[in-house]
file structure37.txt (compact mmCIF, C-alpha atoms)
# COMPACT_ATOMS: atom_id res chain seq x y z
CA MET A 1 23.50 -17.16 3.85
CA THR A 2 19.69 -17.18 3.79
CA THR A 3 18.07 -13.88 2.86
CA THR A 4 14.33 -13.59 3.38
CA LEU A 5 12.28 -11.01 1.53
CA VAL A 6 8.99 -10.02 3.18
CA ALA A 7 6.57 -8.30 0.79
CA SER A 8 3.30 -7.07 2.26
CA ASP A 9 0.31 -5.04 1.22
CA LEU A 10 -0.35 -2.14 3.58
CA ASP A 11 -3.98 -0.98 3.79
CA ARG A 12 -6.18 -3.47 5.63
CA THR A 13 -3.25 -5.89 5.83
CA LEU A 14 -0.71 -4.18 8.09
CA ILE A 15 -2.26 -0.73 8.65
CA TYR A 16 -5.88 0.21 9.28
CA SER A 17 -8.16 3.23 9.23
CA ALA A 18 -10.32 3.81 12.31
CA ALA A 19 -13.29 2.28 10.49
CA ALA A 20 -11.31 -0.83 9.52
CA LEU A 21 -9.72 -1.59 12.92
CA ASP A 22 -12.61 -3.94 13.77
CA LEU A 23 -11.96 -3.82 17.51
CA THR A 24 -14.15 -6.39 19.25
CA VAL A 25 -12.95 -6.16 22.86
CA PRO A 26 -14.38 -3.78 25.48
CA ASP A 27 -12.95 -0.26 25.27
CA ALA A 28 -10.95 -0.73 28.47
CA GLU A 29 -9.19 -3.74 26.92
CA ALA A 30 -8.51 -2.24 23.48
CA PRO A 31 -4.88 -2.33 22.33
CA ARG A 32 -2.81 0.85 22.27
CA LEU A 33 -2.52 2.17 18.73
CA LEU A 34 0.27 3.93 16.85
CA CYS A 35 -0.77 6.42 14.16
CA VAL A 36 1.36 5.97 11.03
CA GLU A 37 -0.44 8.28 8.60
CA VAL A 38 -1.91 11.77 8.73
CA TYR A 39 -4.02 13.17 5.89
CA GLU A 40 -5.23 16.77 5.74
CA ARG A 41 -4.01 17.24 9.33
CA ARG A 42 -6.07 14.33 10.62
CA PRO A 43 -4.89 10.89 11.78
CA LEU A 44 -5.82 8.28 9.19
CA SER A 45 -4.02 4.94 9.56
CA TYR A 46 -2.92 2.88 12.55
CA LEU A 47 -1.38 -0.35 13.75
CA THR A 48 -1.19 -1.71 17.26
CA GLU A 49 1.90 -0.95 19.31
CA THR A 50 2.57 -4.70 19.45
CA ALA A 51 2.47 -4.83 15.65
CA ALA A 52 4.81 -1.84 15.51
CA ALA A 53 7.39 -3.62 17.67
CA LEU A 54 7.13 -6.76 15.55
CA LEU A 55 7.59 -4.78 12.34
CA THR A 56 10.64 -2.96 13.72
CA ASP A 57 12.26 -6.26 14.64
CA LEU A 58 11.27 -7.84 11.31
CA ALA A 59 12.89 -5.02 9.32
CA ALA A 60 16.17 -5.73 11.13
CA ARG A 61 16.07 -9.43 10.24
CA ALA A 62 14.74 -9.46 6.65
CA VAL A 63 14.33 -7.35 3.53
CA PHE A 64 10.95 -5.74 4.20
CA VAL A 65 9.17 -4.45 1.07
CA PRO A 66 5.86 -2.58 1.32
CA ALA A 67 3.81 -3.54 -1.76
CA THR A 68 0.86 -1.24 -2.25
CA THR A 69 -1.65 -0.03 -4.84
CA ARG A 70 -1.18 3.46 -3.41
CA THR A 71 0.43 6.13 -5.56
CA ARG A 72 3.90 7.33 -4.61
CA GLU A 73 2.41 10.46 -3.04
CA GLN A 74 -0.04 8.43 -0.95
CA TYR A 75 2.69 5.99 0.11
CA ARG A 76 4.95 8.81 1.29
CA ARG A 77 2.33 9.87 3.84
CA ILE A 78 2.93 6.62 5.70
CA HIS A 79 5.64 6.52 8.37
CA LEU A 80 6.12 2.93 9.44
CA PRO A 81 8.10 2.09 12.57
CA GLY A 82 11.69 0.99 12.07
CA PRO A 83 14.17 2.10 9.40
CA PRO A 84 12.73 3.30 6.06
CA PRO A 85 12.45 0.30 3.72
CA ARG A 86 15.14 0.34 1.03
CA PHE A 87 12.65 -1.00 -1.55
CA ALA A 88 8.96 -0.19 -1.90
CA VAL A 89 6.43 -1.16 -4.57
CA CYS A 90 3.81 1.48 -5.41
CA ALA A 91 0.96 1.82 -7.92
CA ASN A 92 0.39 -1.96 -7.88
CA GLY A 93 3.85 -2.60 -9.27
CA GLY A 94 4.03 0.38 -11.59
CA HIS A 95 6.76 2.05 -9.55
CA LEU A 96 9.70 0.54 -7.69
CA LEU A 97 11.22 2.92 -5.16
CA VAL A 98 14.85 2.40 -4.20
CA ASP A 99 15.81 4.46 -1.15
CA GLY A 100 12.72 6.53 -1.87
CA VAL A 101 13.64 7.28 -5.50
CA PRO A 102 11.69 5.83 -8.48
CA ASP A 103 13.79 3.33 -10.41
CA ARG A 104 13.90 4.49 -14.06
CA ASP A 105 14.88 1.10 -15.46
CA TRP A 106 11.80 -0.46 -13.86
CA GLN A 107 9.57 2.32 -15.20
CA ARG A 108 10.81 1.61 -18.74
CA THR A 109 10.20 -2.11 -18.27
CA VAL A 110 6.63 -1.52 -17.09
CA ALA A 111 5.88 0.92 -19.92
CA ALA A 112 7.03 -1.61 -22.52
CA ARG A 113 4.90 -4.40 -21.03
CA LEU A 114 1.78 -2.23 -20.94
CA ALA A 115 2.26 -0.92 -24.48
CA GLU A 116 2.61 -4.46 -25.78
CA GLY A 117 -0.48 -6.11 -24.32
CA CYS A 118 -3.08 -3.62 -23.05
CA ALA A 119 -5.63 -1.13 -24.30
CA PRO A 120 -4.66 2.49 -23.55
CA LEU A 121 -5.55 4.00 -20.17
CA ASP A 122 -7.60 6.77 -21.81
CA GLU A 123 -9.87 4.20 -23.48
CA VAL A 124 -10.48 2.28 -20.26
CA HIS A 125 -10.95 5.37 -18.13
CA ALA A 126 -13.49 6.80 -20.59
CA HIS A 127 -15.44 3.53 -20.58
CA LEU A 128 -15.46 3.44 -16.77
CA VAL A 129 -16.97 6.91 -16.59
CA ARG A 130 -19.54 6.20 -19.32
CA ALA A 131 -20.61 2.94 -17.67
CA ALA A 132 -21.06 4.54 -14.25
CA ASP A 133 -24.33 6.04 -13.05
CA PRO A 134 -24.15 9.48 -11.38
CA ALA A 135 -26.65 8.12 -8.83
CA TRP A 136 -23.89 6.06 -7.24
CA LEU A 137 -20.63 7.47 -8.66
CA LEU A 138 -18.85 9.69 -6.12
CA ARG A 139 -15.49 10.29 -7.83
CA GLU A 140 -13.43 9.02 -10.75
CA ARG A 141 -9.64 9.10 -10.90
CA THR A 142 -6.56 7.91 -12.74
CA ALA A 143 -3.42 7.03 -10.77
CA GLU A 144 0.16 7.63 -11.90
CA ASP A 145 -0.99 7.46 -15.57
CA LEU A 146 -1.14 3.70 -15.03
CA PHE A 147 -4.64 2.65 -13.92
CA ALA A 148 -8.09 4.05 -13.17
CA TYR A 149 -10.61 3.74 -10.37
CA LEU A 150 -14.04 4.88 -9.29
CA VAL A 151 -15.25 5.72 -5.80
CA VAL A 152 -18.84 4.51 -5.53
CA GLU A 153 -21.76 4.03 -3.17
CA ARG A 154 -21.27 0.29 -3.05
CA ALA A 155 -24.77 -0.53 -1.82
CA LEU A 156 -26.22 1.11 -4.93
CA LEU A 157 -24.12 -0.79 -7.49
CA PRO A 158 -26.47 -2.68 -9.85
CA ASP A 159 -26.36 -6.47 -9.80
CA GLY A 160 -24.10 -7.74 -12.56
CA TRP A 161 -22.39 -4.38 -13.21
CA ILE A 162 -18.99 -5.51 -11.93
CA GLU A 163 -19.24 -8.74 -13.94
CA GLU A 164 -20.08 -6.83 -17.14
CA LEU A 165 -17.19 -4.43 -16.57
CA THR A 166 -14.84 -7.34 -15.86
CA ALA A 167 -15.77 -9.06 -19.12
CA TRP A 168 -15.28 -5.84 -21.11
CA ALA A 169 -11.89 -5.15 -19.49
CA ASP A 170 -10.67 -8.72 -19.83
CA GLY A 171 -10.76 -8.55 -23.61
CA ARG A 172 -8.56 -5.47 -23.50
CA GLY A 173 -5.87 -6.84 -21.22
CA TRP A 174 -7.21 -5.26 -18.02
CA SER A 175 -8.57 -6.65 -14.75
CA VAL A 176 -11.23 -5.26 -12.41
CA SER A 177 -11.28 -5.34 -8.61
CA LEU A 178 -13.85 -4.05 -6.11
CA GLN A 179 -12.26 -2.99 -2.82
CA GLY A 180 -14.51 -1.29 -0.31
CA ARG A 181 -15.95 1.70 -2.15
CA LYS A 182 -13.35 1.64 -4.94
CA VAL A 183 -13.66 -0.08 -8.31
CA TYR A 184 -10.19 -0.53 -9.82
CA ALA A 185 -9.36 -1.15 -13.47
CA VAL A 186 -5.73 -2.26 -13.72
CA PRO A 187 -3.66 -3.52 -16.68
CA LYS A 188 -3.00 -7.24 -16.26
CA PRO A 189 0.81 -6.92 -16.59
CA LEU A 190 0.80 -4.34 -13.79
CA THR A 191 1.33 -6.60 -10.77
CA LYS A 192 2.93 -6.44 -7.37
CA SER A 193 4.47 -9.87 -7.93
CA ALA A 194 6.47 -8.68 -10.96
CA ALA A 195 7.99 -5.79 -9.02
CA VAL A 196 8.74 -8.01 -6.01
CA ALA A 197 10.40 -10.54 -8.33
CA GLU A 198 12.70 -7.74 -9.48
CA VAL A 199 13.58 -6.93 -5.86
CA ARG A 200 14.24 -10.63 -5.26
CA ARG A 201 16.60 -10.68 -8.26
CA ARG A 202 18.48 -7.63 -7.02
CA THR A 203 18.80 -8.80 -3.42
CA GLY A 204 19.39 -12.49 -4.14
CA ALA A 205 16.69 -13.41 -1.61
CA THR A 206 16.28 -17.15 -1.17
CA GLU A 207 12.74 -16.99 0.25
CA VAL A 208 9.77 -14.67 -0.25
CA LEU A 209 7.01 -14.25 2.35
CA ALA A 210 3.91 -12.23 1.49
CA ALA A 211 0.54 -11.03 2.78
CA GLY A 212 -2.47 -9.22 1.36
CA ASP A 213 -6.23 -8.96 1.59
CA SER A 214 -7.51 -7.98 -1.88
CA LEU A 215 -7.80 -9.55 -5.32
CA LEU A 216 -4.97 -7.26 -6.44
CA ASP A 217 -2.77 -9.12 -3.93
CA ALA A 218 -3.58 -12.60 -5.24
CA ASP A 219 -0.67 -12.71 -7.69
CA LEU A 220 1.73 -11.63 -4.92
CA LEU A 221 0.55 -14.40 -2.60
CA LEU A 222 0.71 -17.04 -5.34
CA ALA A 223 4.27 -16.05 -6.29
CA ALA A 224 5.53 -16.24 -2.68
CA ASP A 225 7.06 -19.27 -1.00
CA ARG A 226 4.75 -18.72 1.96
CA ALA A 227 1.89 -16.26 2.33
CA TRP A 228 -0.96 -15.20 4.63
CA ARG A 229 -4.32 -13.51 4.13
CA PRO A 230 -6.54 -12.00 6.85
CA GLY A 231 -10.07 -13.08 7.69
CA HIS A 232 -11.50 -9.97 6.02
CA GLY A 233 -11.27 -8.50 2.52
CA GLU A 234 -11.89 -9.71 -1.03
CA LEU A 235 -9.69 -12.79 -0.73
CA ALA A 236 -11.54 -13.95 2.38
CA ALA A 237 -14.92 -13.16 0.80
CA THR A 238 -14.06 -15.33 -2.22
CA ASP A 239 -12.48 -18.04 -0.03
CA PHE A 240 -9.18 -17.64 -1.89
CA ARG A 241 -6.88 -20.57 -1.16
CA ALA A 242 -3.58 -21.99 -2.38
CA PRO A 243 -1.15 -24.55 -0.92
CA GLN A 244 1.32 -21.89 0.25
CA VAL A 245 -1.33 -19.45 1.54
CA THR A 246 -2.50 -19.57 5.15
CA ALA A 247 -6.06 -18.28 5.61
CA LEU A 248 -6.26 -16.53 8.97
CA THR A 249 -9.44 -16.08 10.99
CA GLU A 250 -8.38 -12.81 12.61
CA ARG A 251 -9.90 -9.62 11.25
CA GLY A 252 -8.95 -5.94 11.40
CA ALA A 253 -5.97 -4.77 13.43
CA ALA A 254 -5.73 -8.19 15.11
CA ALA A 255 -5.09 -9.69 11.68
CA GLY A 256 -2.28 -7.22 11.03
CA GLU A 257 -0.67 -8.21 14.30
CA ARG A 258 -1.11 -11.93 13.53
CA ILE A 259 0.46 -11.52 10.07
CA LEU A 260 3.50 -9.81 11.52
CA ARG A 261 3.86 -12.59 14.12
CA ALA A 262 3.73 -15.14 11.29
CA PHE A 263 6.38 -13.23 9.32
CA HIS A 264 8.53 -12.99 12.43
CA GLU A 265 8.26 -16.71 13.19
CA ALA A 266 8.99 -17.70 9.57
CA VAL A 267 12.09 -15.50 9.43
CA ARG A 268 13.40 -16.94 12.70
CA GLU A 269 12.83 -20.45 11.34
CA GLY A 270 14.79 -19.55 8.23
CA ASP A 271 17.63 -18.23 10.40
CA GLY A 272 17.59 -21.45 12.39
CA VAL A 273 16.66 -19.63 15.61

call {"tool": "encode", "arguments": {"input": "structure37.txt", "output": "structure tokens"}}
result
Amino acid sequence: MTTTLVASDLDRTLIYSAAALDLTVPDAEAPRLLCVEVYERRPLSYLTETAAALLTDLAARAVFVPATTRTREQYRRIHLPGPPPRFAVCANGGHLLVDGVPDRDWQRTVAARLAEGCAPLDEVHAHLVRAADPAWLLRERTAEDLFAYLVVERALLPDGWIEELTAWADGRGWSVSLQGRKVYAVPKPLTKSAAVAEVRRRTGATEVLAAGDSLLDADLLLAADRAWRPGHGELAATDFRAPQVTALTERGAAAGERILRAFHEAVREGDGV
């Protein structure tokens, strides 16, 4: 029996903030939206009602795995339509949730991989803060004791700063990604694809479908049998391409809806429907 695993990034791939919806039609023709996240008592993230119906149906036909850079706490704020996913990947692969509970075996595996090939988080975090200019640094954070990031005024970032940081991090086993106003420094072994491969092993899935919009999703898309990226985000900006990756033209919430249609169609094909 064919089992399809669908692994997807969430923010700006399936769900969108109000600023990221990128609605282009007149207000009277705008799609109805479903709020799936509230933060500090305010609605934060949405998908279209059409996308919600597609996701509900998809979850009944395939193993749906959210794969996010969000921390576990941030992920738990999201309430997607359909049954709660049995598996979820958080912290860019640092945590694998099984029925909402962190898998201890996976945590030990990740810890061993990071200890073997990467500079310590404290060293990288300290360098990030030293290299940043208070004129454009808004906040600095570490996440899950796994990676670090800065929130910046992107327009004020000096030319070449990201490239210099990338070169410094590369020699220490870390990668750098600029997503919106956030500059991430992430250990190279910490990947969504590794965690999804573990879910594939456990479920015996015969096919993996994936989607994502950022450079931190590139490994996930490359490891999938078929994948999609929206017309916005880092991957679109860098014209990221691979034989198994479909580059969509849709942007914003329309892209999320198109990705779910593509997942739905691919799963039906695999079922011979």

call {"tool": "residues_around", "arguments": {"input": "structure37.txt", "residues": "Cys118 of chain A", "least_positions_apart": "2", "cutoff": "10 Å", "atoms": "only C-alpha atoms", "output": "JSON, numbers by chain"}}
result
{"A": [113, 114, 115, 116, 120, 121, 124, 169, 170, 171, 172, 173, 174, 186, 187, 188, 189]}

call {"tool": "write_last_selection", "arguments": {"input": "structure37.txt", "atoms": "C-alpha atoms", "output": "PDB file, in the frame of the given file"}}
result
ATOM      1  CA  ARG A 113       4.900  -4.400 -21.030  1.00  0.00           C
ATOM      2  CA  LEU A 114       1.780  -2.230 -20.940  1.00  0.00           C
ATOM      3  CA  ALA A 115       2.260  -0.920 -24.480  1.00  0.00           C
ATOM      4  CA  GLU A 116       2.610  -4.460 -25.780  1.00  0.00           C
ATOM      5  CA  PRO A 120      -4.660   2.490 -23.550  1.00  0.00           C
ATOM      6  CA  LEU A 121      -5.550   4.000 -20.170  1.00  0.00           C
ATOM      7  CA  VAL A 124     -10.480   2.280 -20.260  1.00  0.00           C
ATOM      8  CA  ALA A 169     -11.890  -5.150 -19.490  1.00  0.00           C
ATOM      9  CA  ASP A 170     -10.670  -8.720 -19.830  1.00  0.00           C
ATOM     10  CA  GLY A 171     -10.760  -8.550 -23.610  1.00  0.00           C
ATOM     11  CA  ARG A 172      -8.560  -5.470 -23.500  1.00  0.00           C
ATOM     12  CA  GLY A 173      -5.870  -6.840 -21.220  1.00  0.00           C
ATOM     13  CA  TRP A 174      -7.210  -5.260 -18.020  1.00  0.00           C
ATOM     14  CA  VAL A 186      -5.730  -2.260 -13.720  1.00  0.00           C
ATOM     15  CA  PRO A 187      -3.660  -3.520 -16.680  1.00  0.00           C
ATOM     16  CA  LYS A 188      -3.000  -7.240 -16.260  1.00  0.00           C
ATOM     17  CA  PRO A 189       0.810  -6.920 -16.590  1.00  0.00           C
TER      18      PRO A 189
END

call {"tool": "residues_around", "arguments": {"input": "structure37.txt", "residues": "segment 134-140 of chain A", "least_positions_apart": "3", "cutoff": "12 Å", "atoms": "only C-alpha atoms", "output": "VMD selection string"}}
result
chain A and resid 125 to 131 143 147 to 158 181 to 185

call {"tool": "write_last_selection", "arguments": {"input": "structure37.txt", "atoms": "C-alpha atoms", "output": "tab-separated table (two decimals), in the coordinates of the input"}}
result
chain	number	residue	atom	x	y	z
A	125	HIS	CA	-10.95	5.37	-18.13
A	126	ALA	CA	-13.49	6.80	-20.59
A	127	HIS	CA	-15.44	3.53	-20.58
A	128	LEU	CA	-15.46	3.44	-16.77
A	129	VAL	CA	-16.97	6.91	-16.59
A	130	ARG	CA	-19.54	6.20	-19.32
A	131	ALA	CA	-20.61	2.94	-17.67
A	143	ALA	CA	-3.42	7.03	-10.77
A	147	PHE	CA	-4.64	2.65	-13.92
A	148	ALA	CA	-8.09	4.05	-13.17
A	149	TYR	CA	-10.61	3.74	-10.37
A	150	LEU	CA	-14.04	4.88	-9.29
A	151	VAL	CA	-15.25	5.72	-5.80
A	152	VAL	CA	-18.84	4.51	-5.53
A	153	GLU	CA	-21.76	4.03	-3.17
A	154	ARG	CA	-21.27	0.29	-3.05
A	155	ALA	CA	-24.77	-0.53	-1.82
A	156	LEU	CA	-26.22	1.11	-4.93
A	157	LEU	CA	-24.12	-0.79	-7.49
A	158	PRO	CA	-26.47	-2.68	-9.85
A	181	ARG	CA	-15.95	1.70	-2.15
A	182	LYS	CA	-13.35	1.64	-4.94
A	183	VAL	CA	-13.66	-0.08	-8.31
A	184	TYR	CA	-10.19	-0.53	-9.82
A	185	ALA	CA	-9.36	-1.15	-13.47

call {"tool": "closest_residue", "arguments": {"input": "structure37.txt", "among": "A:Thr3, A:Gln244, A:Thr56, A:Ser175", "to": "Arg261 of chain A", "atoms": "only C-alpha atoms"}}
result
A:Thr56

call {"tool": "atom_distance", "arguments": {"input": "structure37.txt", "atom1": "atom CA of Cys90 of chain A", "atom2": "atom CA of Tyr75 of chain A"}}
result
7.2 Å

call {"tool": "closest_residue", "arguments": {"input": "structure37.txt", "among": "A:Pro85, A:Gly231, A:Gly270, A:Pro26", "to": "Thr206 of chain A", "atoms": "all atoms listed in the file"}}
result
A:Gly270

call {"tool": "closest_residue", "arguments": {"input": "structure37.txt", "among": "A:Ser214, A:Thr238, A:Thr71, A:Thr50", "to": "Thr142 of chain A", "atoms": "only C-alpha atoms"}}
result
A:Thr71

call {"tool": "residues_around", "arguments": {"input": "structure37.txt", "residues": "Ala218 of chain A", "least_positions_apart": "4", "cutoff": "12 Å", "atoms": "all atoms listed in the file", "output": "list in words"}}
result
Ser8, Asp9, Asn92, Ser177, Thr191, Lys192, Ser193, Ala210, Ala211, Gly212, Asp213, Ser214, Leu222, Ala223, Ala224, Ala227, Trp228, Arg229, Gly233, Glu234, Leu235, Ala236, Thr238, Asp239, Phe240, Arg241, Ala242, Gln244 and Val245 of chain A

call {"tool": "closest_residue", "arguments": {"input": "structure37.txt", "among": "A:Ala266, A:Leu248, A:Leu34, A:Leu190", "to": "Pro230 of chain A", "atoms": "all atoms listed in the file"}}
result
A:Leu248

call {"tool": "atom_distance", "arguments": {"input": "structure37.txt", "atom1": "atom CA of Ala111 of chain A", "atom2": "atom CA of Leu97 of chain A"}}
result
15.8 Å

call {"tool": "closest_residue", "arguments": {"input": "structure37.txt", "among": "A:Ala28, A:Val196, A:Ala19, A:Val176", "to": "Glu163 of chain A", "atoms": "all atoms listed in the file"}}
result
A:Val176

call {"tool": "closest_residue", "arguments": {"input": "structure37.txt", "among": "A:Ala60, A:Leu80, A:Leu21, A:Val89", "to": "Cys35 of chain A", "atoms": "only C-alpha atoms"}}
result
A:Leu80

call {"tool": "atom_distance", "arguments": {"input": "structure37.txt", "atom1": "atom CA of Arg86 of chain A", "atom2": "atom CA of Val208 of chain A"}}
result
16.0 Å

call {"tool": "residues_near_point", "arguments": {"input": "structure37.txt", "point": "(-8.8, -3.0, 16.6)", "cutoff": "9 Å", "atoms": "all atoms listed in the file", "output": "PyMOL selection string"}}
result
chain A and resi 16+18+20-25+30-31+33+47-48+251-254

call {"tool": "decode", "arguments": {"input": "structure37.txt", "residues": "segment 196-219 of chain A", "atoms": "N, CA, C and O atoms", "output": "PDB file, in the first residue's frame"}}
result
ATOM      1  N   VAL A 196      12.415  14.821   9.048  1.00  0.00           N
ATOM      2  CA  VAL A 196      11.388  14.221   8.180  1.00  0.00           C
ATOM      3  C   VAL A 196      11.817  12.837   7.723  1.00  0.00           C
ATOM      4  O   VAL A 196      10.989  11.920   7.607  1.00  0.00           O
ATOM      5  N   ALA A 197      13.109  12.634   7.486  1.00  0.00           N
ATOM      6  CA  ALA A 197      13.604  11.302   7.123  1.00  0.00           C
ATOM      7  C   ALA A 197      13.339  10.302   8.245  1.00  0.00           C
ATOM      8  O   ALA A 197      13.035   9.127   7.990  1.00  0.00           O
ATOM      9  N   GLU A 198      13.441  10.760   9.489  1.00  0.00           N
ATOM     10  CA  GLU A 198      13.133   9.883  10.620  1.00  0.00           C
ATOM     11  C   GLU A 198      11.652   9.525  10.641  1.00  0.00           C
ATOM     12  O   GLU A 198      11.277   8.369  10.898  1.00  0.00           O
ATOM     13  N   VAL A 199      10.784  10.496  10.338  1.00  0.00           N
ATOM     14  CA  VAL A 199       9.347  10.203  10.269  1.00  0.00           C
ATOM     15  C   VAL A 199       9.074   9.231   9.126  1.00  0.00           C
ATOM     16  O   VAL A 199       8.267   8.292   9.266  1.00  0.00           O
ATOM     17  N   ARG A 200       9.756   9.423   8.006  1.00  0.00           N
ATOM     18  CA  ARG A 200       9.577   8.501   6.883  1.00  0.00           C
ATOM     19  C   ARG A 200       9.972   7.090   7.291  1.00  0.00           C
ATOM     20  O   ARG A 200       9.280   6.118   6.956  1.00  0.00           O
ATOM     21  N   ARG A 201      11.079   6.951   8.027  1.00  0.00           N
ATOM     22  CA  ARG A 201      11.519   5.626   8.478  1.00  0.00           C
ATOM     23  C   ARG A 201      10.472   4.989   9.384  1.00  0.00           C
ATOM     24  O   ARG A 201      10.157   3.798   9.252  1.00  0.00           O
ATOM     25  N   ARG A 202       9.912   5.780  10.281  1.00  0.00           N
ATOM     26  CA  ARG A 202       8.954   5.229  11.242  1.00  0.00           C
ATOM     27  C   ARG A 202       7.618   4.867  10.611  1.00  0.00           C
ATOM     28  O   ARG A 202       6.947   3.941  11.056  1.00  0.00           O
ATOM     29  N   THR A 203       7.217   5.636   9.609  1.00  0.00           N
ATOM     30  CA  THR A 203       5.907   5.395   8.990  1.00  0.00           C
ATOM     31  C   THR A 203       5.987   4.466   7.789  1.00  0.00           C
ATOM     32  O   THR A 203       4.950   3.960   7.324  1.00  0.00           O
ATOM     33  N   GLY A 204       7.199   4.250   7.255  1.00  0.00           N
ATOM     34  CA  GLY A 204       7.342   3.442   6.052  1.00  0.00           C
ATOM     35  C   GLY A 204       6.797   4.127   4.816  1.00  0.00           C
ATOM     36  O   GLY A 204       6.428   3.460   3.835  1.00  0.00           O
ATOM     37  N   ALA A 205       6.741   5.445   4.816  1.00  0.00           N
ATOM     38  CA  ALA A 205       6.201   6.186   3.669  1.00  0.00           C
ATOM     39  C   ALA A 205       6.997   5.885   2.409  1.00  0.00           C
ATOM     40  O   ALA A 205       8.226   5.802   2.425  1.00  0.00           O
ATOM     41  N   THR A 206       6.299   5.717   1.317  1.00  0.00           N
ATOM     42  CA  THR A 206       6.931   5.398   0.038  1.00  0.00           C
ATOM     43  C   THR A 206       7.184   6.634  -0.812  1.00  0.00           C
ATOM     44  O   THR A 206       7.926   6.565  -1.797  1.00  0.00           O
ATOM     45  N   GLU A 207       6.590   7.769  -0.430  1.00  0.00           N
ATOM     46  CA  GLU A 207       6.783   9.007  -1.185  1.00  0.00           C
ATOM     47  C   GLU A 207       6.734  10.178  -0.220  1.00  0.00           C
ATOM     48  O   GLU A 207       5.935  10.187   0.718  1.00  0.00           O
ATOM     49  N   VAL A 208       7.603  11.170  -0.453  1.00  0.00           N
ATOM     50  CA  VAL A 208       7.604  12.386   0.363  1.00  0.00           C
ATOM     51  C   VAL A 208       7.353  13.586  -0.544  1.00  0.00           C
ATOM     52  O   VAL A 208       8.061  13.794  -1.537  1.00  0.00           O
ATOM     53  N   LEU A 209       6.345  14.382  -0.189  1.00  0.00           N
ATOM     54  CA  LEU A 209       6.055  15.653  -0.845  1.00  0.00           C
ATOM     55  C   LEU A 209       6.421  16.764   0.143  1.00  0.00           C
ATOM     56  O   LEU A 209       6.272  16.583   1.355  1.00  0.00           O
ATOM     57  N   ALA A 210       6.890  17.892  -0.377  1.00  0.00           N
ATOM     58  CA  ALA A 210       7.327  18.962   0.530  1.00  0.00           C
ATOM     59  C   ALA A 210       7.092  20.332  -0.079  1.00  0.00           C
ATOM     60  O   ALA A 210       6.947  20.475  -1.299  1.00  0.00           O
ATOM     61  N   ALA A 211       7.076  21.345   0.796  1.00  0.00           N
ATOM     62  CA  ALA A 211       6.960  22.737   0.343  1.00  0.00           C
ATOM     63  C   ALA A 211       7.624  23.644   1.367  1.00  0.00           C
ATOM     64  O   ALA A 211       7.666  23.343   2.561  1.00  0.00           O
ATOM     65  N   GLY A 212       8.149  24.778   0.864  1.00  0.00           N
ATOM     66  CA  GLY A 212       8.764  25.757   1.741  1.00  0.00           C
ATOM     67  C   GLY A 212       9.184  26.974   0.951  1.00  0.00           C
ATOM     68  O   GLY A 212       9.303  26.923  -0.279  1.00  0.00           O
ATOM     69  N   ASP A 213       9.423  28.085   1.668  1.00  0.00           N
ATOM     70  CA  ASP A 213       9.736  29.332   0.982  1.00  0.00           C
ATOM     71  C   ASP A 213      11.117  29.885   1.303  1.00  0.00           C
ATOM     72  O   ASP A 213      11.594  30.786   0.618  1.00  0.00           O
ATOM     73  N   SER A 214      11.793  29.382   2.335  1.00  0.00           N
ATOM     74  CA  SER A 214      13.036  30.005   2.790  1.00  0.00           C
ATOM     75  C   SER A 214      14.245  29.111   2.536  1.00  0.00           C
ATOM     76  O   SER A 214      14.118  27.911   2.247  1.00  0.00           O
ATOM     77  N   LEU A 215      15.430  29.701   2.702  1.00  0.00           N
ATOM     78  CA  LEU A 215      16.665  28.930   2.530  1.00  0.00           C
ATOM     79  C   LEU A 215      16.754  27.788   3.529  1.00  0.00           C
ATOM     80  O   LEU A 215      17.373  26.756   3.242  1.00  0.00           O
ATOM     81  N   LEU A 216      16.137  27.946   4.695  1.00  0.00           N
ATOM     82  CA  LEU A 216      16.132  26.867   5.676  1.00  0.00           C
ATOM     83  C   LEU A 216      15.244  25.705   5.240  1.00  0.00           C
ATOM     84  O   LEU A 216      15.270  24.638   5.851  1.00  0.00           O
ATOM     85  N   ASP A 217      14.454  25.899   4.183  1.00  0.00           N
ATOM     86  CA  ASP A 217      13.622  24.823   3.637  1.00  0.00           C
ATOM     87  C   ASP A 217      14.289  24.107   2.464  1.00  0.00           C
ATOM     88  O   ASP A 217      13.768  23.090   1.988  1.00  0.00           O
ATOM     89  N   ALA A 218      15.404  24.628   1.982  1.00  0.00           N
ATOM     90  CA  ALA A 218      16.008  24.079   0.765  1.00  0.00           C
ATOM     91  C   ALA A 218      16.343  22.607   0.913  1.00  0.00           C
ATOM     92  O   ALA A 218      16.091  21.792   0.011  1.00  0.00           O
ATOM     93  N   ASP A 219      16.923  22.219   2.060  1.00  0.00           N
ATOM     94  CA  ASP A 219      17.287  20.810   2.250  1.00  0.00           C
ATOM     95  C   ASP A 219      16.052  19.913   2.245  1.00  0.00           C
ATOM     96  O   ASP A 219      16.090  18.779   1.747  1.00  0.00           O
TER      97      ASP A 219
END
